[in-house]
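Here's the structure, in structure tokens; my notes come after.
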Amino acid sequence: MTAPITAPASARAHRPARGRSFPPLRGLLPLGVLLGIWELTGSEGSPYFPPPSTWARGLNRLWEAGTLRPAIGETLVTFGLALVVATLLGAMLGIVVGALRKADRALGPSLEFARAMPPAAMVPIAALLIGYDEKMKVAVVTFAAIWPVLLNSRAGVRALDPVLLDTARSLHLSWFDTMRKLIAPALLPAVLLGVRVAAPVALVITLLVEILTRVGGLGALIALSQRNFLSGQVFGLILVAGLFSFVVNGLVAVLEGYTFRHRPR
Amino acid sequence: MASPLRSRPELTSVPTSDVTGPAYESHNLSVDLDSSEGARRILTGVDLEVAQGEFVSVLGRSGTGKTTLLRVLGGLLDPTADSTVSFRGEPVEGPPEGAVFVFQNYAASLLPWRTIERNVDLGLEGKVSKPEMRQRTAEALALVGLADRAKDYPWRLSGGMQQRVQLARALAVRPSALLMDEPFGALDAMTKSSLQDELQRVQERTGATIVFVTHDIDEAVYLSDRIVVLEGSPATIGHRIDVDLPRPRHQLATKELPAFLKLRRAVYDTIVDVHGQAGDVA
């Protein structure tokens, strides 16, 4: 687990007021200084390093033109849908492959091969088979995001202690209760760890596919802006994508914290 | 820990239980387990009878099939087709109603995402009414001395306490038999002896039949009414030793009795005789 190292509450309360700053804000200080310098020294017309104020203007222009919001929406939908599908499918496949040695033997090599395949290389085939649309985007992103979930679920199943199943049998739990009360909660941390690894991957691939195919979303907007030499707008959109992933990471961490609430901290 | 200074136990013979029909009866019990060279016979021709309320320990070197035997009694493992095993007159096919397993690995058996109380509930959920479940869980926890830890999660408890939780969970279903697989094997000596006394008390109160797998000779002699020793490969019961020490037993007083020392020696000798060395039994 990657719980942040913090002083216990009692120790913190005894600390002098001087030390009571806001770590996240302090952490943002170097970034703020850097952006400030950039703003002051950068030139408005630079095609390479447009100052932050032009980013804001570019984003504002897109917002007023009504293209930014739908683009964010589309990226969000692709990302969210793909992550959900990858989680469900990955967990199911992972559990089957982990539980059945035969399935593992049969599918193992194919899975290893598919896992090693760069998702971006799948785009032409996916576009050919599915078409240049939302479905294709979701398919490619799912393909990229499924592996961490699948492999972690598989490992989770293998790490299950047989004693847990014996316990269920000895206490006469039904199959359904065994799954619901013992197996599912026991596997949840492994699956969530997979999701945690998969979420940033899904976001990267979502943007990549959008940039490659121009089928809607933030990525398409970035590619379009770049092609039109609107550097400020490109930087602004990248900032939005960065904030997006920041939020996603935060959400996954919250989810994990909730699942691990009964574990030692 | 039972305080040695507390009331000296009466060293008079106490009837262990009212024996009616046998709790367990096995005849010609054999077990094959899969190994890399196909099926391998682990146990052969085990004839065992355990009276109701009796405390029987199964001793033997590690790898002789003590746990295998217990798993068969618990219905977690099928013996060969020509074996007969019955629990209270009914053939054992799958875990029998009224016999509960207590595993050595308490950490793997307890659910870390449930509180102590909810762990004990596990065997009762959907089988008894909510108020009855509350009451039985509270009783079981009180019986093992953990009433005040009901709302804690397992990781907050020591190993000995976690094993007590597992015992409470088994007791909550009001079993007539407990099948204990080296339940105290992973615990330190002090915790172990206090749990041994706890178990004695529990058996006294509930009258449960206990089949207890251990490789600790002292523990077996201290707790049991009878000891069976598994030997050979495939293993069978090589020795049966009656332990007629008075009850209740006491960690110091009982263990100082000449009869205790004699029995301890006798059990030790059976194991040393067979193998020429004590192996990892001690």
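Labels used: A, B, ... for chains in the order of the structure tokens, numbers from 1 for residues in each chain, and numbers from 1 for ligands as shown.
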
I need the strand (DSSP E or B) residues of segment 13-233 of chain B per DSSP on the backbone, written as a PyMOL selection string. chain B and resi 22-35+38-51+55-59+84-87+90-91+99-102+177-181+209-213+226-231

Dump as a Markdown table the rows for residues of chain A within 6 Å of chain B: closest atom pair and distance in Å with one decimal, only C-alpha atoms counted, ordered by chain and rising residue number.
| residue | atom | partner | partner_atom | distance |
| --- | --- | --- | --- | --- |
| A:Val163 | CA | B:Ser109 | CA | 5.8 |
| A:Leu164 | CA | B:Ser109 | CA | 5.3 |
| A:Ser170 | CA | B:Pro95 | CA | 5.6 |
| A:Leu171 | CA | B:Gly123 | CA | 5.1 |
| A:His262 | CA | B:Trp113 | CA | 5.7 |

Neighbouring residues of Pro148 of chain A were defined as those with any atom within 7 Å, considering only C-alpha atoms; residues of the same chain fewer than 6 positions away were excluded. Please report them as a PyMOL selection string. chain A and resi 194+197-198

One number please: atom CA of Phe260 of chain B to atom CA of Leu59 of chain B, in Å, one decimal. 16.6 Å

Give the alpha helix (DSSP H) residues of segment 35-129 of chain B, as assigned by DSSP on the backbone, as a count of residues only. 18

Excluding Ile210 of chain B and any residue of its chain fewer than 5 positions from it, enumerate the residues within 9 Å of it, using only C-alpha atoms, and give them as a PDB file with all heavy atoms, in the first residue's frame.
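Output (around.pdb):
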ATOM      1  N   VAL B  50     -14.705 -42.542  17.891  1.00  0.00           N
ATOM      2  CA  VAL B  50     -14.614 -41.437  18.843  1.00  0.00           C
ATOM      3  C   VAL B  50     -15.958 -41.307  19.529  1.00  0.00           C
ATOM      4  O   VAL B  50     -16.988 -41.107  18.872  1.00  0.00           O
ATOM      5  CB  VAL B  50     -14.266 -40.109  18.136  1.00  0.00           C
ATOM      6  CG1 VAL B  50     -14.132 -38.973  19.149  1.00  0.00           C
ATOM      7  CG2 VAL B  50     -12.973 -40.252  17.335  1.00  0.00           C
ATOM      8  N   GLN B  52     -18.964 -39.744  21.908  1.00  0.00           N
ATOM      9  CA  GLN B  52     -19.452 -38.377  22.047  1.00  0.00           C
ATOM     10  C   GLN B  52     -18.885 -37.752  23.306  1.00  0.00           C
ATOM     11  O   GLN B  52     -18.863 -38.356  24.364  1.00  0.00           O
ATOM     12  CB  GLN B  52     -20.976 -38.376  22.065  1.00  0.00           C
ATOM     13  CG  GLN B  52     -21.504 -38.658  20.674  1.00  0.00           C
ATOM     14  CD  GLN B  52     -22.973 -38.327  20.533  1.00  0.00           C
ATOM     15  OE1 GLN B  52     -23.488 -37.478  21.247  1.00  0.00           O
ATOM     16  NE2 GLN B  52     -23.627 -38.991  19.612  1.00  0.00           N
ATOM     17  N   GLY B  53     -18.396 -36.516  23.155  1.00  0.00           N
ATOM     18  CA  GLY B  53     -17.818 -35.818  24.283  1.00  0.00           C
ATOM     19  C   GLY B  53     -16.381 -36.190  24.552  1.00  0.00           C
ATOM     20  O   GLY B  53     -15.762 -35.657  25.473  1.00  0.00           O
ATOM     21  N   GLU B  54     -15.835 -37.086  23.746  1.00  0.00           N
ATOM     22  CA  GLU B  54     -14.465 -37.525  23.958  1.00  0.00           C
ATOM     23  C   GLU B  54     -13.486 -36.541  23.327  1.00  0.00           C
ATOM     24  O   GLU B  54     -13.796 -35.894  22.327  1.00  0.00           O
ATOM     25  CB  GLU B  54     -14.266 -38.912  23.342  1.00  0.00           C
ATOM     26  CG  GLU B  54     -13.008 -39.609  23.825  1.00  0.00           C
ATOM     27  CD  GLU B  54     -12.819 -40.998  23.205  1.00  0.00           C
ATOM     28  OE1 GLU B  54     -13.481 -41.320  22.185  1.00  0.00           O
ATOM     29  OE2 GLU B  54     -12.001 -41.760  23.733  1.00  0.00           O
ATOM     30  N   PHE B  55     -12.322 -36.445  23.928  1.00  0.00           N
ATOM     31  CA  PHE B  55     -11.246 -35.619  23.371  1.00  0.00           C
ATOM     32  C   PHE B  55     -10.162 -36.563  22.867  1.00  0.00           C
ATOM     33  O   PHE B  55      -9.493 -37.217  23.662  1.00  0.00           O
ATOM     34  CB  PHE B  55     -10.688 -34.688  24.452  1.00  0.00           C
ATOM     35  CG  PHE B  55      -9.827 -33.579  23.903  1.00  0.00           C
ATOM     36  CD1 PHE B  55     -10.146 -32.248  24.150  1.00  0.00           C
ATOM     37  CD2 PHE B  55      -8.700 -33.857  23.134  1.00  0.00           C
ATOM     38  CE1 PHE B  55      -9.362 -31.219  23.644  1.00  0.00           C
ATOM     39  CE2 PHE B  55      -7.909 -32.840  22.624  1.00  0.00           C
ATOM     40  CZ  PHE B  55      -8.241 -31.519  22.873  1.00  0.00           C
ATOM     41  N   VAL B  56     -10.053 -36.662  21.541  1.00  0.00           N
ATOM     42  CA  VAL B  56      -9.068 -37.568  20.957  1.00  0.00           C
ATOM     43  C   VAL B  56      -8.014 -36.763  20.216  1.00  0.00           C
ATOM     44  O   VAL B  56      -8.351 -35.908  19.397  1.00  0.00           O
ATOM     45  CB  VAL B  56      -9.737 -38.567  19.982  1.00  0.00           C
ATOM     46  CG1 VAL B  56      -8.687 -39.407  19.271  1.00  0.00           C
ATOM     47  CG2 VAL B  56     -10.713 -39.463  20.735  1.00  0.00           C
ATOM     48  N   SER B  57      -6.759 -37.019  20.527  1.00  0.00           N
ATOM     49  CA  SER B  57      -5.685 -36.366  19.796  1.00  0.00           C
ATOM     50  C   SER B  57      -5.097 -37.318  18.778  1.00  0.00           C
ATOM     51  O   SER B  57      -4.979 -38.516  19.036  1.00  0.00           O
ATOM     52  CB  SER B  57      -4.580 -35.904  20.744  1.00  0.00           C
ATOM     53  OG  SER B  57      -4.998 -34.773  21.464  1.00  0.00           O
ATOM     54  N   SER B 176     -21.607 -30.324  17.609  1.00  0.00           N
ATOM     55  CA  SER B 176     -21.412 -31.391  18.588  1.00  0.00           C
ATOM     56  C   SER B 176     -19.987 -31.906  18.504  1.00  0.00           C
ATOM     57  O   SER B 176     -19.528 -32.603  19.387  1.00  0.00           O
ATOM     58  CB  SER B 176     -22.426 -32.507  18.378  1.00  0.00           C
ATOM     59  OG  SER B 176     -22.146 -33.189  17.192  1.00  0.00           O
ATOM     60  N   ALA B 177     -19.270 -31.534  17.409  1.00  0.00           N
ATOM     61  CA  ALA B 177     -17.867 -31.940  17.304  1.00  0.00           C
ATOM     62  C   ALA B 177     -17.022 -30.809  16.739  1.00  0.00           C
ATOM     63  O   ALA B 177     -17.453 -30.069  15.857  1.00  0.00           O
ATOM     64  CB  ALA B 177     -17.740 -33.170  16.410  1.00  0.00           C
ATOM     65  N   LEU B 178     -15.823 -30.673  17.310  1.00  0.00           N
ATOM     66  CA  LEU B 178     -14.853 -29.719  16.793  1.00  0.00           C
ATOM     67  C   LEU B 178     -13.686 -30.511  16.215  1.00  0.00           C
ATOM     68  O   LEU B 178     -13.180 -31.433  16.861  1.00  0.00           O
ATOM     69  CB  LEU B 178     -14.316 -28.819  17.916  1.00  0.00           C
ATOM     70  CG  LEU B 178     -15.226 -27.734  18.462  1.00  0.00           C
ATOM     71  CD1 LEU B 178     -14.566 -27.092  19.673  1.00  0.00           C
ATOM     72  CD2 LEU B 178     -15.515 -26.695  17.410  1.00  0.00           C
ATOM     73  N   LEU B 179     -13.287 -30.155  14.993  1.00  0.00           N
ATOM     74  CA  LEU B 179     -12.140 -30.807  14.380  1.00  0.00           C
ATOM     75  C   LEU B 179     -11.030 -29.773  14.320  1.00  0.00           C
ATOM     76  O   LEU B 179     -11.137 -28.790  13.598  1.00  0.00           O
ATOM     77  CB  LEU B 179     -12.503 -31.283  12.967  1.00  0.00           C
ATOM     78  CG  LEU B 179     -13.696 -32.242  12.953  1.00  0.00           C
ATOM     79  CD1 LEU B 179     -14.215 -32.437  11.542  1.00  0.00           C
ATOM     80  CD2 LEU B 179     -13.307 -33.575  13.569  1.00  0.00           C
ATOM     81  N   MET B 180     -10.004 -29.983  15.117  1.00  0.00           N
ATOM     82  CA  MET B 180      -8.997 -28.931  15.260  1.00  0.00           C
ATOM     83  C   MET B 180      -7.666 -29.386  14.668  1.00  0.00           C
ATOM     84  O   MET B 180      -7.086 -30.368  15.103  1.00  0.00           O
ATOM     85  CB  MET B 180      -8.851 -28.553  16.729  1.00  0.00           C
ATOM     86  CG  MET B 180     -10.207 -28.273  17.378  1.00  0.00           C
ATOM     87  SD  MET B 180     -10.106 -27.634  19.063  1.00  0.00           S
ATOM     88  CE  MET B 180      -9.701 -25.933  18.761  1.00  0.00           C
ATOM     89  N   GLN B 203     -14.845 -27.241  26.409  1.00  0.00           N
ATOM     90  CA  GLN B 203     -15.359 -28.595  26.241  1.00  0.00           C
ATOM     91  C   GLN B 203     -16.198 -29.015  27.443  1.00  0.00           C
ATOM     92  O   GLN B 203     -17.224 -29.665  27.322  1.00  0.00           O
ATOM     93  CB  GLN B 203     -14.221 -29.597  26.028  1.00  0.00           C
ATOM     94  CG  GLN B 203     -14.754 -30.896  25.435  1.00  0.00           C
ATOM     95  CD  GLN B 203     -13.821 -32.053  25.623  1.00  0.00           C
ATOM     96  OE1 GLN B 203     -12.889 -31.990  26.412  1.00  0.00           O
ATOM     97  NE2 GLN B 203     -14.072 -33.123  24.898  1.00  0.00           N
ATOM     98  N   SER B 224      -5.991 -34.743  26.185  1.00  0.00           N
ATOM     99  CA  SER B 224      -6.822 -35.817  25.622  1.00  0.00           C
ATOM    100  C   SER B 224      -7.392 -36.796  26.629  1.00  0.00           C
ATOM    101  O   SER B 224      -6.888 -36.958  27.734  1.00  0.00           O
ATOM    102  CB  SER B 224      -5.993 -36.639  24.631  1.00  0.00           C
ATOM    103  OG  SER B 224      -5.318 -35.794  23.765  1.00  0.00           O
TER     104      SER B 224
END

Please list as a list of chain:residue names every residue within 12 Å of Val77 of chain A, counting only C-alpha atoms and excluding residues in the same chain fewer than 4 positions away. A:Pro70, A:Ala71, A:Ile72, A:Gly73, A:Leu81, A:Ala82, A:Leu83, A:Val84, A:Val85, A:Glu134, A:Lys135, A:Lys137, A:Val138, A:Val141, A:Ala202, A:Leu203, A:Thr206, A:Gly216, A:Gly217, A:Leu218

Would you write out those residues with all heavy atoms, as a CSV table (one decimal), in the first residue's frame?
chain,number,residue,atom,x,y,z
A,70,PRO,N,-18.0,19.5,-25.3
A,70,PRO,CA,-18.3,18.2,-25.8
A,70,PRO,C,-17.0,17.3,-26.0
A,70,PRO,O,-17.1,16.1,-25.8
A,70,PRO,CB,-18.9,18.5,-27.2
A,70,PRO,CG,-18.8,19.9,-27.4
A,70,PRO,CD,-18.5,20.6,-26.1
A,71,ALA,N,-15.9,18.0,-26.3
A,71,ALA,CA,-14.6,17.2,-26.4
A,71,ALA,C,-14.3,16.5,-25.1
A,71,ALA,O,-13.9,15.3,-25.0
A,71,ALA,CB,-13.5,18.1,-26.9
A,72,ILE,N,-14.3,17.3,-24.0
A,72,ILE,CA,-14.1,16.7,-22.7
A,72,ILE,C,-15.1,15.6,-22.4
A,72,ILE,O,-14.7,14.5,-21.9
A,72,ILE,CB,-14.2,17.8,-21.6
A,72,ILE,CG1,-13.0,18.8,-21.7
A,72,ILE,CG2,-14.1,17.1,-20.2
A,72,ILE,CD1,-13.1,19.9,-20.7
A,73,GLY,N,-16.3,15.8,-22.7
A,73,GLY,CA,-17.3,14.8,-22.5
A,73,GLY,C,-17.0,13.5,-23.3
A,73,GLY,O,-17.1,12.4,-22.7
A,81,LEU,N,-16.1,4.4,-20.1
A,81,LEU,CA,-16.7,3.2,-20.6
A,81,LEU,C,-15.6,2.1,-20.8
A,81,LEU,O,-15.8,0.9,-20.4
A,81,LEU,CB,-17.3,3.5,-22.0
A,81,LEU,CG,-18.5,2.7,-22.4
A,81,LEU,CD1,-19.6,2.9,-21.3
A,81,LEU,CD2,-19.0,3.2,-23.7
A,82,ALA,N,-14.5,2.5,-21.4
A,82,ALA,CA,-13.4,1.5,-21.6
A,82,ALA,C,-12.9,0.9,-20.3
A,82,ALA,O,-12.6,-0.3,-20.1
A,82,ALA,CB,-12.3,2.1,-22.4
A,83,LEU,N,-12.8,1.8,-19.3
A,83,LEU,CA,-12.2,1.3,-18.0
A,83,LEU,C,-13.2,0.4,-17.3
A,83,LEU,O,-12.8,-0.6,-16.7
A,83,LEU,CB,-11.9,2.5,-17.1
A,83,LEU,CG,-11.1,2.2,-15.8
A,83,LEU,CD1,-9.7,1.7,-16.2
A,83,LEU,CD2,-10.9,3.5,-15.0
A,84,VAL,N,-14.5,0.7,-17.4
A,84,VAL,CA,-15.5,-0.2,-16.8
A,84,VAL,C,-15.5,-1.6,-17.5
A,84,VAL,O,-15.5,-2.6,-16.9
A,84,VAL,CB,-16.9,0.5,-16.9
A,84,VAL,CG1,-18.0,-0.6,-16.5
A,84,VAL,CG2,-17.0,1.6,-15.9
A,85,VAL,N,-15.5,-1.5,-18.9
A,85,VAL,CA,-15.5,-2.8,-19.6
A,85,VAL,C,-14.2,-3.6,-19.3
A,85,VAL,O,-14.3,-4.8,-19.1
A,85,VAL,CB,-15.6,-2.5,-21.1
A,85,VAL,CG1,-15.5,-3.8,-21.9
A,85,VAL,CG2,-16.9,-1.8,-21.5
A,134,GLU,N,-16.9,6.0,-32.0
A,134,GLU,CA,-16.8,5.9,-30.6
A,134,GLU,C,-16.5,4.4,-30.2
A,134,GLU,O,-15.6,4.1,-29.3
A,134,GLU,CB,-18.0,6.4,-29.9
A,134,GLU,CG,-18.1,6.2,-28.4
A,134,GLU,CD,-17.2,7.1,-27.7
A,134,GLU,OE1,-16.8,8.2,-28.3
A,134,GLU,OE2,-16.8,6.8,-26.5
A,135,LYS,N,-17.2,3.5,-30.8
A,135,LYS,CA,-17.0,2.1,-30.5
A,135,LYS,C,-15.6,1.6,-30.6
A,135,LYS,O,-15.0,0.9,-29.8
A,135,LYS,CB,-17.9,1.2,-31.3
A,135,LYS,CG,-19.3,0.9,-30.7
A,135,LYS,CD,-20.0,-0.1,-31.5
A,135,LYS,CE,-20.5,0.5,-32.8
A,135,LYS,NZ,-21.3,-0.4,-33.7
A,137,LYS,N,-12.9,3.5,-30.5
A,137,LYS,CA,-12.1,4.1,-29.5
A,137,LYS,C,-12.2,3.2,-28.2
A,137,LYS,O,-11.2,2.9,-27.6
A,137,LYS,CB,-12.6,5.5,-29.2
A,137,LYS,CG,-12.0,6.6,-30.1
A,137,LYS,CD,-12.8,7.9,-30.1
A,137,LYS,CE,-12.7,8.5,-28.7
A,137,LYS,NZ,-13.6,9.7,-28.7
A,138,VAL,N,-13.4,2.9,-27.8
A,138,VAL,CA,-13.6,2.1,-26.6
A,138,VAL,C,-12.9,0.8,-26.7
A,138,VAL,O,-12.3,0.3,-25.8
A,138,VAL,CB,-15.1,2.0,-26.3
A,138,VAL,CG1,-15.3,1.0,-25.1
A,138,VAL,CG2,-15.8,3.3,-26.0
A,141,VAL,N,-9.1,1.2,-26.4
A,141,VAL,CA,-8.7,1.6,-25.0
A,141,VAL,C,-8.9,0.4,-24.1
A,141,VAL,O,-8.1,0.1,-23.2
A,141,VAL,CB,-9.5,2.8,-24.5
A,141,VAL,CG1,-9.1,3.1,-23.1
A,141,VAL,CG2,-9.2,4.0,-25.4
A,202,ALA,N,-5.4,3.8,-19.6
A,202,ALA,CA,-6.6,4.0,-20.3
A,202,ALA,C,-6.7,5.5,-20.8
A,202,ALA,O,-7.0,5.8,-21.9
A,202,ALA,CB,-7.9,3.7,-19.5
A,203,LEU,N,-6.3,6.4,-19.9
A,203,LEU,CA,-6.3,7.8,-20.3
A,203,LEU,C,-5.3,8.1,-21.4
A,203,LEU,O,-5.6,8.8,-22.4
A,203,LEU,CB,-6.0,8.6,-19.1
A,203,LEU,CG,-6.4,10.1,-19.2
A,203,LEU,CD1,-7.8,10.3,-19.6
A,203,LEU,CD2,-6.0,10.9,-18.0
A,206,THR,N,-6.6,6.7,-24.6
A,206,THR,CA,-7.7,7.4,-25.1
A,206,THR,C,-7.3,8.6,-25.9
A,206,THR,O,-7.7,8.8,-27.0
A,206,THR,CB,-8.6,7.9,-23.9
A,206,THR,OG1,-9.0,6.8,-23.2
A,206,THR,CG2,-9.9,8.6,-24.4
A,216,GLY,N,-13.2,12.7,-32.4
A,216,GLY,CA,-13.7,13.4,-31.3
A,216,GLY,C,-12.8,13.4,-30.1
A,216,GLY,O,-11.7,12.7,-30.0
A,217,GLY,N,-13.2,14.1,-29.0
A,217,GLY,CA,-12.5,14.1,-27.8
A,217,GLY,C,-11.4,15.1,-27.7
A,217,GLY,O,-11.0,15.8,-28.7
A,218,LEU,N,-10.8,15.2,-26.5
A,218,LEU,CA,-9.7,16.2,-26.3
A,218,LEU,C,-8.5,15.9,-27.3
A,218,LEU,O,-7.9,16.9,-27.8
A,218,LEU,CB,-9.2,16.0,-24.9
A,218,LEU,CG,-9.9,16.8,-23.8
A,218,LEU,CD1,-9.2,16.4,-22.4
A,218,LEU,CD2,-9.7,18.3,-24.0

What is the atom CA of Leu111 of chain A to atom CA of Val252 of chain A distance in Å?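 According to the coordinates, atom CA of Leu111 of chain A and atom CA of Val252 of chain A are separated by 25.7 Å.
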
Fewer than 6 positions away in the same chain doesn't count, so skip those; otherwise give me all residues within 10 Å of Leu187 of chain B, counting only C-alpha atoms, as a PyMOL selection string. chain B and resi 104+158-160+163+193+195

Export of prior selection with C-alpha atoms as a short mmCIF file (atom, residue, chain, number, x, y, z; two decimals), in the first residue's frame:
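Generated output (part.cif):
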data_model
loop_
_atom_site.label_atom_id
_atom_site.label_comp_id
_atom_site.auth_asym_id
_atom_site.auth_seq_id
_atom_site.Cartn_x
_atom_site.Cartn_y
_atom_site.Cartn_z
CA GLN B 104 -4.18 -23.80 12.17
CA SER B 158 -2.86 -10.91 18.60
CA GLY B 159 -2.44 -14.36 17.07
CA GLY B 160 -3.85 -16.07 20.13
CA GLN B 163 -7.40 -18.15 17.04
CA SER B 193 -1.05 -23.05 27.37
CA LEU B 195 -5.64 -21.53 25.02
#

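For the pair atom CA of Thr167 of chain A and atom CA of Thr214 of chain B, the interatomic distance is 19.3 Å.
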
Set the distance at 10 Å and use only C-alpha atoms: which residues neighbour Ile95 of chain A once local chain neighbours fewer than 5 positions away are removed? I'd like the list as a PyMOL selection string. chain A and resi 89-90+100+150-158+187+191

Residue selection dump (N, CA and C atoms) as a compact mmCIF listing (two decimals), in the first residue's frame:
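Final output, result_29.txt:
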# COMPACT_ATOMS: atom_id res chain seq x y z
N LEU A 89 -14.47 -7.22 -17.71
CA LEU A 89 -13.97 -8.29 -18.56
C LEU A 89 -12.65 -8.85 -18.02
N GLY A 90 -11.78 -7.93 -17.63
CA GLY A 90 -10.46 -8.33 -17.13
C GLY A 90 -10.57 -9.15 -15.86
N LEU A 100 -8.65 -21.91 -13.23
CA LEU A 100 -8.61 -23.15 -14.01
C LEU A 100 -7.26 -23.28 -14.69
N LEU A 150 -6.62 -7.89 -15.65
CA LEU A 150 -6.62 -9.35 -15.85
C LEU A 150 -5.49 -10.01 -15.08
N LEU A 151 -4.30 -9.48 -15.24
CA LEU A 151 -3.14 -10.13 -14.61
C LEU A 151 -3.20 -10.05 -13.10
N ASN A 152 -3.67 -8.91 -12.59
CA ASN A 152 -3.79 -8.78 -11.13
C ASN A 152 -4.88 -9.70 -10.57
N SER A 153 -5.99 -9.82 -11.31
CA SER A 153 -7.05 -10.71 -10.85
C SER A 153 -6.55 -12.15 -10.84
N ARG A 154 -5.81 -12.51 -11.90
CA ARG A 154 -5.26 -13.86 -11.96
C ARG A 154 -4.35 -14.13 -10.75
N ALA A 155 -3.48 -13.16 -10.49
CA ALA A 155 -2.57 -13.32 -9.35
C ALA A 155 -3.37 -13.39 -8.05
N GLY A 156 -4.44 -12.59 -7.97
CA GLY A 156 -5.27 -12.57 -6.77
C GLY A 156 -5.90 -13.93 -6.53
N VAL A 157 -6.40 -14.55 -7.58
CA VAL A 157 -7.03 -15.86 -7.44
C VAL A 157 -6.00 -16.89 -6.99
N ARG A 158 -4.81 -16.80 -7.59
CA ARG A 158 -3.78 -17.78 -7.22
C ARG A 158 -3.33 -17.61 -5.78
N LEU A 187 -10.93 -10.93 -3.36
CA LEU A 187 -10.27 -10.59 -4.62
C LEU A 187 -10.29 -9.10 -4.91
N VAL A 191 -8.11 -6.78 -7.74
CA VAL A 191 -8.76 -6.18 -8.90
C VAL A 191 -8.56 -4.66 -8.89
